Each structure stands twice: as structure tokens, then as C-alpha cells.
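What follows is protein05.cif (mmCIF, C-alpha atoms and all ligand atoms).
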data_entry
#
loop_
_atom_site.label_atom_id
_atom_site.label_comp_id
_atom_site.auth_asym_id
_atom_site.auth_seq_id
_atom_site.Cartn_x
_atom_site.Cartn_y
_atom_site.Cartn_z
CA MET A 1 4.15 21.89 -12.45
CA ARG A 2 7.88 22.58 -12.04
CA LEU A 3 9.79 19.57 -10.75
CA ARG A 4 12.83 19.77 -8.45
CA TYR A 5 15.67 19.72 -10.89
CA VAL A 6 18.94 17.81 -10.61
CA ASP A 7 21.75 18.22 -13.17
CA ASP A 8 21.00 16.22 -16.33
CA ALA A 9 18.09 14.54 -14.54
CA ASN A 10 16.18 13.88 -17.75
CA GLU A 11 19.09 12.23 -19.53
CA LYS A 12 20.14 10.17 -16.52
CA ILE A 13 16.62 8.89 -15.91
CA GLU A 14 15.90 8.23 -19.60
CA ALA A 15 19.15 6.24 -19.82
CA HIS A 16 17.95 3.65 -17.30
CA GLU A 17 15.71 0.98 -18.79
CA ARG A 18 13.27 0.94 -15.86
CA LEU A 19 13.08 4.75 -15.29
CA LEU A 20 11.14 7.31 -17.31
CA ALA A 21 11.08 11.11 -17.46
CA SER A 22 8.74 13.48 -19.37
CA PRO A 23 5.69 11.24 -18.93
CA GLU A 24 3.37 13.48 -21.02
CA GLN A 25 4.95 11.99 -24.15
CA TYR A 26 3.39 8.61 -23.34
CA LYS A 27 -0.22 9.84 -23.11
CA GLY A 28 -2.40 7.32 -24.96
CA LYS A 29 0.63 5.05 -25.55
CA TRP A 30 1.46 3.60 -22.13
CA HIS A 31 0.61 0.06 -23.21
CA SER A 32 3.19 0.18 -26.00
CA LEU A 33 5.97 0.40 -23.37
CA PHE A 34 5.15 -3.01 -21.96
CA GLU A 35 5.68 -6.45 -23.43
CA LYS A 36 2.13 -7.59 -22.67
CA ASP A 37 -1.16 -5.73 -23.12
CA GLN A 38 -2.66 -6.22 -19.65
CA PRO A 39 -4.28 -4.12 -16.88
CA LEU A 40 -2.46 -0.95 -15.86
CA TYR A 41 -2.00 -0.27 -12.11
CA VAL A 42 -0.48 3.08 -11.10
CA GLU A 43 0.96 4.34 -7.81
CA PHE A 44 1.21 8.09 -7.10
CA GLY A 45 3.93 9.35 -4.71
CA GLY A 46 5.91 6.11 -4.75
CA GLY A 47 9.18 7.21 -3.13
CA LYS A 48 12.03 4.82 -3.99
CA GLY A 49 9.70 2.36 -5.69
CA GLY A 50 9.91 -0.58 -3.26
CA PHE A 51 6.15 -1.13 -3.31
CA ILE A 52 5.73 -1.21 -7.07
CA ILE A 53 8.82 -3.39 -7.56
CA GLY A 54 7.44 -5.92 -5.04
CA LEU A 55 3.86 -5.79 -6.31
CA SER A 56 4.82 -6.15 -9.98
CA GLU A 57 6.95 -9.19 -9.20
CA LYS A 58 4.01 -10.80 -7.38
CA HIS A 59 1.58 -9.95 -10.22
CA PRO A 60 3.01 -10.66 -13.68
CA GLU A 61 -0.59 -10.50 -15.00
CA ALA A 62 -0.62 -6.66 -14.78
CA ASN A 63 1.57 -3.71 -15.80
CA PHE A 64 2.69 -1.16 -13.20
CA LEU A 65 3.86 2.47 -12.99
CA THR A 66 4.88 4.51 -9.98
CA PHE A 67 5.17 8.31 -10.05
CA GLU A 68 7.63 10.23 -7.87
CA ARG A 69 8.19 13.98 -8.28
CA ASN A 70 11.55 14.27 -6.53
CA ALA A 71 14.37 13.39 -8.95
CA LYS A 72 16.79 12.65 -6.09
CA VAL A 73 14.39 10.03 -4.74
CA VAL A 74 13.98 8.54 -8.23
CA TYR A 75 17.78 8.19 -8.45
CA LYS A 76 17.83 6.34 -5.15
CA SER A 77 15.65 3.63 -6.69
CA ILE A 78 18.52 2.70 -9.02
CA ALA A 79 20.29 0.77 -6.25
CA LYS A 80 17.16 -1.36 -5.73
CA LEU A 81 16.88 -2.07 -9.45
CA GLU A 82 20.27 -3.76 -9.74
CA GLU A 83 18.95 -7.11 -8.54
CA ILE A 84 15.60 -6.95 -10.36
CA HIS A 85 14.93 -9.01 -13.47
CA HIS A 86 11.19 -8.67 -14.11
CA ASP A 87 10.07 -5.98 -16.55
CA ASN A 88 6.34 -5.25 -16.05
CA PHE A 89 6.96 -1.90 -14.28
CA PHE A 90 8.49 1.56 -14.69
CA ILE A 91 9.43 4.21 -12.13
CA VAL A 92 8.43 7.61 -13.49
CA TRP A 93 9.79 11.03 -12.56
CA GLY A 94 6.54 12.97 -12.67
CA ASP A 95 4.06 14.99 -10.65
CA VAL A 96 0.60 13.75 -9.74
CA THR A 97 -0.77 17.26 -10.25
CA ASP A 98 -0.35 16.72 -13.99
CA VAL A 99 -2.13 13.36 -14.33
CA GLU A 100 -4.71 14.62 -16.82
CA ALA A 101 -1.89 15.59 -19.22
CA ILE A 102 -0.29 12.17 -18.73
CA PHE A 103 -3.20 9.73 -19.00
CA GLU A 104 -6.22 9.45 -21.29
CA LYS A 105 -9.67 9.36 -19.69
CA ASN A 106 -10.72 5.87 -18.49
CA SER A 107 -7.29 4.39 -19.08
CA ILE A 108 -6.11 3.14 -15.65
CA ASP A 109 -7.40 -0.02 -13.99
CA ARG A 110 -6.27 0.75 -10.43
CA ILE A 111 -4.59 3.55 -8.45
CA TYR A 112 -2.45 3.17 -5.32
CA LEU A 113 -1.62 5.95 -2.84
CA ASN A 114 0.76 4.91 -0.07
CA PHE A 115 1.79 7.00 2.93
CA SER A 116 1.09 10.26 1.11
CA ASP A 117 2.50 13.39 2.76
CA PRO A 118 -0.09 14.30 5.45
CA TRP A 119 0.08 18.11 5.22
CA PRO A 120 -1.46 18.43 8.73
CA LYS A 121 -2.19 22.17 8.65
CA ASP A 122 -5.72 23.05 7.47
CA ARG A 123 -4.38 25.72 5.15
CA HIS A 124 -2.43 22.99 3.27
CA ALA A 125 -5.37 20.60 2.89
CA LYS A 126 -5.45 21.09 -0.89
CA ARG A 127 -1.95 19.59 -1.14
CA ARG A 128 -3.10 16.24 0.29
CA LEU A 129 -3.24 13.64 -2.48
CA THR A 130 -6.67 12.58 -1.19
CA HIS A 131 -8.14 16.10 -1.34
CA GLU A 132 -11.25 16.18 -3.53
CA ASN A 133 -9.42 18.19 -6.21
CA PHE A 134 -7.09 15.18 -6.68
CA LEU A 135 -9.94 12.64 -6.33
CA ASN A 136 -11.75 14.35 -9.20
CA LYS A 137 -8.66 14.04 -11.40
CA TYR A 138 -8.23 10.36 -10.49
CA ARG A 139 -11.88 9.74 -11.33
CA LYS A 140 -11.38 10.91 -14.90
CA ILE A 141 -8.36 8.72 -15.66
CA LEU A 142 -9.56 5.65 -13.75
CA LYS A 143 -11.83 3.23 -15.59
CA ASP A 144 -15.46 2.92 -14.44
CA GLY A 145 -15.46 0.40 -11.61
CA GLY A 146 -11.68 0.88 -11.11
CA GLU A 147 -10.40 0.84 -7.54
CA LEU A 148 -8.21 3.21 -5.55
CA HIS A 149 -6.21 1.64 -2.70
CA PHE A 150 -4.92 4.01 -0.01
CA LYS A 151 -2.68 3.17 2.96
CA THR A 152 -1.32 5.48 5.67
CA ASP A 153 -0.02 5.48 9.22
CA ASN A 154 -1.45 8.98 9.76
CA ASP A 155 -4.70 8.97 11.79
CA GLY A 156 -5.73 12.52 10.84
CA LEU A 157 -5.04 12.06 7.12
CA PHE A 158 -6.99 8.79 7.10
CA GLU A 159 -10.03 10.34 8.78
CA PHE A 160 -9.93 13.27 6.33
CA SER A 161 -9.52 10.91 3.36
CA VAL A 162 -12.45 8.62 4.27
CA GLU A 163 -14.69 11.71 4.36
CA GLU A 164 -13.35 13.03 1.05
CA PHE A 165 -14.05 9.73 -0.74
CA LYS A 166 -17.55 9.42 0.77
CA LYS A 167 -18.44 13.07 0.11
CA ASN A 168 -17.43 12.69 -3.53
CA GLY A 169 -19.55 9.60 -4.19
CA TRP A 170 -16.94 6.84 -4.28
CA GLU A 171 -18.20 3.44 -3.14
CA MET A 172 -16.27 2.32 -0.06
CA LEU A 173 -15.36 -1.36 -0.46
CA PHE A 174 -13.01 -1.78 2.50
CA ILE A 175 -11.93 0.31 5.50
CA THR A 176 -9.65 -0.76 8.33
CA ASN A 177 -7.63 0.96 11.02
CA ASP A 178 -5.34 -2.04 11.42
CA LEU A 179 -4.46 -3.55 8.06
CA HIS A 180 -1.90 -6.01 9.40
CA GLN A 181 -4.58 -7.70 11.53
CA THR A 182 -6.99 -8.28 8.60
CA GLU A 183 -7.28 -10.98 5.95
CA HIS A 184 -5.66 -8.49 3.52
CA ALA A 185 -2.38 -8.72 5.44
CA GLU A 186 -1.37 -11.87 3.58
CA ASP A 187 -1.43 -10.19 0.14
CA ASN A 188 -0.07 -6.90 1.41
CA VAL A 189 3.18 -5.59 -0.09
CA MET A 190 4.87 -3.25 2.39
CA THR A 191 6.22 0.13 1.33
CA GLU A 192 9.43 1.64 2.74
CA TYR A 193 7.42 3.91 5.08
CA GLU A 194 5.16 1.05 6.10
CA GLU A 195 8.16 -1.05 7.16
CA LYS A 196 9.48 1.86 9.20
CA PHE A 197 6.22 2.70 11.00
CA SER A 198 5.20 -0.92 11.58
CA LYS A 199 8.46 -1.58 13.40
CA THR A 200 7.50 1.12 15.92
CA GLY A 201 4.16 -0.67 16.53
CA LYS A 202 2.06 1.94 14.68
CA ASN A 203 -1.21 0.61 13.23
CA ILE A 204 -1.66 1.02 9.47
CA HIS A 205 -4.94 2.29 7.97
CA LYS A 206 -6.22 1.16 4.58
CA LEU A 207 -9.22 1.92 2.42
CA ILE A 208 -10.35 0.65 -0.97
CA ALA A 209 -12.73 2.92 -2.87
CA LYS A 210 -14.44 2.18 -6.18
CA ASN A 211 -15.02 4.65 -9.01
CA VAL A 212 -18.79 4.39 -9.58
C1 LIG B 1 5.94 10.13 2.65
S1 LIG B 1 6.67 9.61 1.13
C2 LIG B 1 6.04 7.94 0.94
C3 LIG B 1 6.80 7.15 -0.07
C4 LIG B 1 6.27 5.74 -0.36
N1 LIG B 1 4.94 5.78 -0.93
C5 LIG B 1 6.28 4.86 0.87
O1 LIG B 1 5.20 4.54 1.37
O2 LIG B 1 7.37 4.46 1.30
C6 LIG B 1 5.69 10.51 -0.04
C7 LIG B 1 6.37 10.62 -1.40
O3 LIG B 1 5.41 11.18 -2.30
C8 LIG B 1 6.10 12.09 -3.15
N2 LIG B 1 5.12 13.06 -3.64
C9 LIG B 1 4.44 13.97 -2.90
N3 LIG B 1 3.62 14.70 -3.68
C10 LIG B 1 3.78 14.24 -4.94
C11 LIG B 1 3.23 14.60 -6.20
N4 LIG B 1 2.35 15.62 -6.30
N5 LIG B 1 3.62 13.92 -7.29
C12 LIG B 1 4.52 12.90 -7.19
N6 LIG B 1 5.09 12.52 -6.03
C13 LIG B 1 4.72 13.18 -4.92
C14 LIG B 1 7.16 12.71 -2.26
O4 LIG B 1 8.22 13.28 -3.02
C15 LIG B 1 7.59 11.52 -1.41
O5 LIG B 1 8.69 10.84 -1.99
#
Go ahead and express the file in the form of C-alpha cells.
Amino acid sequence: MRLRYVDDANEKIEAHERLLASPEQYKGKWHSLFEKDQPLYVEFGGGKGGFIIGLSEKHPEANFLTFERNAKVVYKSIAKLEEIHHDNFFIVWGDVTDVEAIFEKNSIDRIYLNFSDPWPKDRHAKRRLTHENFLNKYRKILKDGGELHFKTDNDGLFEFSVEEFKKNGWEMLFITNDLHQTEHAEDNVMTEYEEKFSKTGKNIHKLIAKNV
């Protein structure tokens, strides 16, 4: 898939030690990028990377990647990275559509989708990152028994997504319409969108589905 291009995007991203471009080149070699060989957790559609930066700091026992397809958004993460000293994560300029060219089968321990674009019109349903076409791709690259964690403020997208996971045979481990009122709130790392919507009083939905 063609990515939105910014002048010299590849060079500028490759030059930063925590940013990566051209992710296909790392297929089968992701572990070699990290200091420790430990579980690999991957977020798709990560925006400016706040979630993965926070989660990776909290969990030094895993390695983390976040994928964002908009180069301008990837650049914006640079400001956040100035104060960061841990190194078990990378922010990747890449498109989720291409995940099968980027990851080997059964190679990811967990997937995160946070506040994915809702694409509310029915004719755009296939663009939703929880559409079954995407779920089938995730299934291939996720290890057996691996989990997918999905959060959103969007009521319609959440309802659609729960059905997509169930219809496609994922085991539902956890579903809530008000994440911040559950026992999971304590461990929760907020994303940029989550901070914004929570401040307006909007409830946050979350599901955890297992690849069985
Ligand atoms: C609504 S924002 C949410 C950002 C972040 N997850 C958060 O919660 O703050 C969705 C992001 O997903 C990115 N995105 C959408 N489709 C994508 C795809 N196919 N591959 C990679 N990133 C994608 C968009 O560019 C956008 O930055």
C-alpha cells in the first residue's frame, strides 16, 4: 500500500534510533533489533506513540512495536522521545494492510488496537481495523493463544467489532463498556485519544480476544 509521503521521510525516520521505516526488511528478524529476546507486543494505528512508550516503560519484560501509516504523525512522536531513556520499543512508519509481508506466521505474542478510525459509513466497513479481513490477517501473525486488546470510545465501532470477533471464532476473554470503572483500570495505559475523550466524560469500551 502507498504511504502518505513527506520529503525524505525514509531517511529522516531511519536516522532516529527509536523510529523505523520500510518494515518489510525486518520480516523474520524483529527480535534482532532488541537487546533482549522476549515477547513481542505490537500496536496497529498508534498515532504519536504515547501508548507504546508508556506501556514499554511499565513492562521491561517485553519488546514493543507500534505501527503508524502517516509519516507526519510519526514525526510528531519525536518530541515525545526526547525525554525517553528506555529502549524496548520502536515506532514504525508502516501500514497495517501489509502485516503479512512484515511479520512471519505465529510470530507476535499480543496485538493492540486503540481508538482505530471508526469509518461509520457501511460502505467503508472494510477499512475498519476490526473488519474480518483484518482479523484474518492478525490471526496468521499472532501466536496460538495470543491475545488482541482493543479499546475505543466509539459505540458503533465497538458493537461491530464484538460481532466480528465472535463471528470469526475468537474466544472473548473480556468485554466492558466502561473500562475505567473495572479492575483493569489500574493497569491501563491511556492513549492520546483516550485522554481526550475521557476528559469529556465519554465511557471507554475494551475487549480482549484470544486467538484459538
Ligand atoms: C484515531 S487515531 C488513534 C491514535 C492512537 N491509537 C490513540 O489512541 O491516540 C488512528 C490512527 O491510526 C492510523 N491508521 C489508520 N489506519 C492505519 C493503517 N492501515 N495502518 C497504520 N496506521 C493506521 C491513523 O493514521 C491514525 O493516526
Next on the checklist: Let me see if you get this right: every residue at most 6 Å from ligand LIG 1 (chain B), counting all atoms listed in the file, written as a PyMOL selection string.
Outcome noted: chain A and resi 44-47+67-70+94-97+114-117+191-194
Checklist entry - Could you work out how far atom CA of Lys210 of chain A lies from atom CA of Asn177 of chain A, giving the answer in Å with one decimal? => result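 These atoms are spaced 18.5 Å apart.
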Item to check | Shell around segment 159-171 of chain A at 7 Å using only C-alpha atoms, local window under 3 positions removed, as an MDAnalysis selection string | outcome: chainID A and resid 130:132 155:156 209:212
Checklist entry - Suppose you want the space between atom CA of Thr66 of chain A and atom CA of Phe90 of chain A; what is it in Å? => result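 Separation between atom CA of Thr66 of chain A and atom CA of Phe90 of chain A: 6.6 Å.
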Checklist entry - Out of A:Phe51, A:Phe150, A:Tyr26, A:Trp119, which residue has the shortest atom-to-atom distance to Leu173 of chain A when counting all atoms listed in the file? => result A:Phe150
Next on the checklist: To one decimal place in Å, what is the distance between atom CA of Thr200 of chain A and atom CA of Gly50 of chain A?
Outcome noted: 19.4 Å
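Distance annotation: of A:Glu100, A:His85, A:Arg110, A:Asp187, the residue with the minimal separation from Phe134 of chain A is A:Glu100; atom set is only C-alpha atoms.
Proximity to Arg127 of chain A was assessed for A:Glu195, A:Leu157, A:Ile111, A:Leu19 counting all atoms listed in the file; the smallest distance is recorded for A:Leu157.
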Checklist outcome for this item: Glu11 of chain A proximity check over A:Tyr75, A:Asn203, A:Tyr41, A:Gly49, using only C-alpha atoms: winner is A:Tyr75
Next on the checklist: I'd like to know which of A:Asp87, A:Glu183, A:Glu24, A:Glu82 is closest to Glu57 of chain A, using all atoms listed in the file.
Outcome noted: A:Asp87
Item to check | Using all atoms listed in the file: which of A:Leu33, A:Ile84, A:Ile78, A:Ile91 has the shortest distance to Leu65 of chain A | outcome: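 Answer, going by the shortest atom-to-atom distance: A:Ile91.
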Fix up segment 34-62 of chain A with N, CA and C atoms, then write it as an mmCIF file, in the coordinates of the input.
data_model
loop_
_atom_site.group_PDB
_atom_site.id
_atom_site.type_symbol
_atom_site.label_atom_id
_atom_site.label_comp_id
_atom_site.auth_asym_id
_atom_site.auth_seq_id
_atom_site.Cartn_x
_atom_site.Cartn_y
_atom_site.Cartn_z
ATOM 1 N N PHE A 34 5.073 -1.710 -22.642
ATOM 2 C CA PHE A 34 5.150 -3.010 -21.960
ATOM 3 C C PHE A 34 5.091 -4.146 -22.961
ATOM 4 N N GLU A 35 5.674 -5.266 -22.564
ATOM 5 C CA GLU A 35 5.680 -6.450 -23.430
ATOM 6 C C GLU A 35 4.284 -6.993 -23.652
ATOM 7 N N LYS A 36 3.483 -7.015 -22.559
ATOM 8 C CA LYS A 36 2.130 -7.590 -22.670
ATOM 9 C C LYS A 36 1.080 -6.516 -22.486
ATOM 10 N N ASP A 37 -0.025 -6.638 -23.263
ATOM 11 C CA ASP A 37 -1.160 -5.730 -23.120
ATOM 12 C C ASP A 37 -2.052 -6.277 -22.004
ATOM 13 N N GLN A 38 -1.919 -5.714 -20.815
ATOM 14 C CA GLN A 38 -2.660 -6.220 -19.650
ATOM 15 C C GLN A 38 -2.993 -5.041 -18.738
ATOM 16 N N PRO A 39 -3.820 -5.257 -17.687
ATOM 17 C CA PRO A 39 -4.280 -4.120 -16.880
ATOM 18 C C PRO A 39 -3.148 -3.231 -16.371
ATOM 19 N N LEU A 40 -3.463 -1.935 -16.279
ATOM 20 C CA LEU A 40 -2.460 -0.950 -15.860
ATOM 21 C C LEU A 40 -2.781 -0.455 -14.444
ATOM 22 N N TYR A 41 -1.860 -0.691 -13.513
ATOM 23 C CA TYR A 41 -2.000 -0.270 -12.110
ATOM 24 C C TYR A 41 -0.944 0.803 -11.840
ATOM 25 N N VAL A 42 -1.377 1.927 -11.246
ATOM 26 C CA VAL A 42 -0.480 3.080 -11.100
ATOM 27 C C VAL A 42 -0.444 3.582 -9.661
ATOM 28 N N GLU A 43 0.774 3.763 -9.148
ATOM 29 C CA GLU A 43 0.960 4.340 -7.810
ATOM 30 C C GLU A 43 1.387 5.799 -7.948
ATOM 31 N N PHE A 44 0.834 6.680 -7.090
ATOM 32 C CA PHE A 44 1.210 8.090 -7.100
ATOM 33 C C PHE A 44 1.922 8.444 -5.786
ATOM 34 N N GLY A 45 3.132 9.001 -5.896
ATOM 35 C CA GLY A 45 3.930 9.350 -4.710
ATOM 36 C C GLY A 45 4.648 8.117 -4.185
ATOM 37 N N GLY A 46 5.374 7.445 -5.049
ATOM 38 C CA GLY A 46 5.910 6.110 -4.750
ATOM 39 C C GLY A 46 7.258 6.081 -4.058
ATOM 40 N N GLY A 47 7.880 7.235 -3.801
ATOM 41 C CA GLY A 47 9.180 7.210 -3.130
ATOM 42 C C GLY A 47 10.210 6.446 -3.964
ATOM 43 N N LYS A 48 10.940 5.544 -3.308
ATOM 44 C CA LYS A 48 12.030 4.820 -3.990
ATOM 45 C C LYS A 48 11.554 3.603 -4.762
ATOM 46 N N GLY A 49 10.253 3.379 -4.786
ATOM 47 C CA GLY A 49 9.700 2.360 -5.690
ATOM 48 C C GLY A 49 9.592 0.951 -5.134
ATOM 49 N N GLY A 50 9.925 0.765 -3.848
ATOM 50 C CA GLY A 50 9.910 -0.580 -3.260
ATOM 51 C C GLY A 50 8.570 -1.282 -3.420
ATOM 52 N N PHE A 51 7.482 -0.533 -3.232
ATOM 53 C CA PHE A 51 6.150 -1.130 -3.310
ATOM 54 C C PHE A 51 5.850 -1.652 -4.715
ATOM 55 N N ILE A 52 6.111 -0.819 -5.710
ATOM 56 C CA ILE A 52 5.730 -1.210 -7.070
ATOM 57 C C ILE A 52 6.646 -2.317 -7.595
ATOM 58 N N ILE A 53 7.903 -2.310 -7.160
ATOM 59 C CA ILE A 53 8.820 -3.390 -7.560
ATOM 60 C C ILE A 53 8.303 -4.713 -6.977
ATOM 61 N N GLY A 54 7.929 -4.696 -5.697
ATOM 62 C CA GLY A 54 7.440 -5.920 -5.040
ATOM 63 C C GLY A 54 6.114 -6.388 -5.613
ATOM 64 N N LEU A 55 5.200 -5.433 -5.832
ATOM 65 C CA LEU A 55 3.860 -5.790 -6.310
ATOM 66 C C LEU A 55 3.907 -6.333 -7.744
ATOM 67 N N SER A 56 4.742 -5.717 -8.575
ATOM 68 C CA SER A 56 4.820 -6.150 -9.980
ATOM 69 C C SER A 56 5.459 -7.534 -10.098
ATOM 70 N N GLU A 57 6.350 -7.846 -9.180
ATOM 71 C CA GLU A 57 6.950 -9.190 -9.200
ATOM 72 C C GLU A 57 5.903 -10.241 -8.817
ATOM 73 N N LYS A 58 5.056 -9.886 -7.854
ATOM 74 C CA LYS A 58 4.010 -10.800 -7.380
ATOM 75 C C LYS A 58 2.894 -10.962 -8.398
ATOM 76 N N HIS A 59 2.714 -9.954 -9.276
ATOM 77 C CA HIS A 59 1.580 -9.950 -10.220
ATOM 78 C C HIS A 59 2.047 -9.742 -11.667
ATOM 79 N N PRO A 60 2.579 -10.787 -12.284
ATOM 80 C CA PRO A 60 3.010 -10.660 -13.680
ATOM 81 C C PRO A 60 1.838 -10.466 -14.638
ATOM 82 N N GLU A 61 0.595 -10.633 -14.145
ATOM 83 C CA GLU A 61 -0.590 -10.500 -15.000
ATOM 84 C C GLU A 61 -1.045 -9.041 -15.144
ATOM 85 N N ALA A 62 -0.278 -8.087 -14.614
ATOM 86 C CA ALA A 62 -0.620 -6.660 -14.780
ATOM 87 C C ALA A 62 0.657 -5.873 -15.077
#
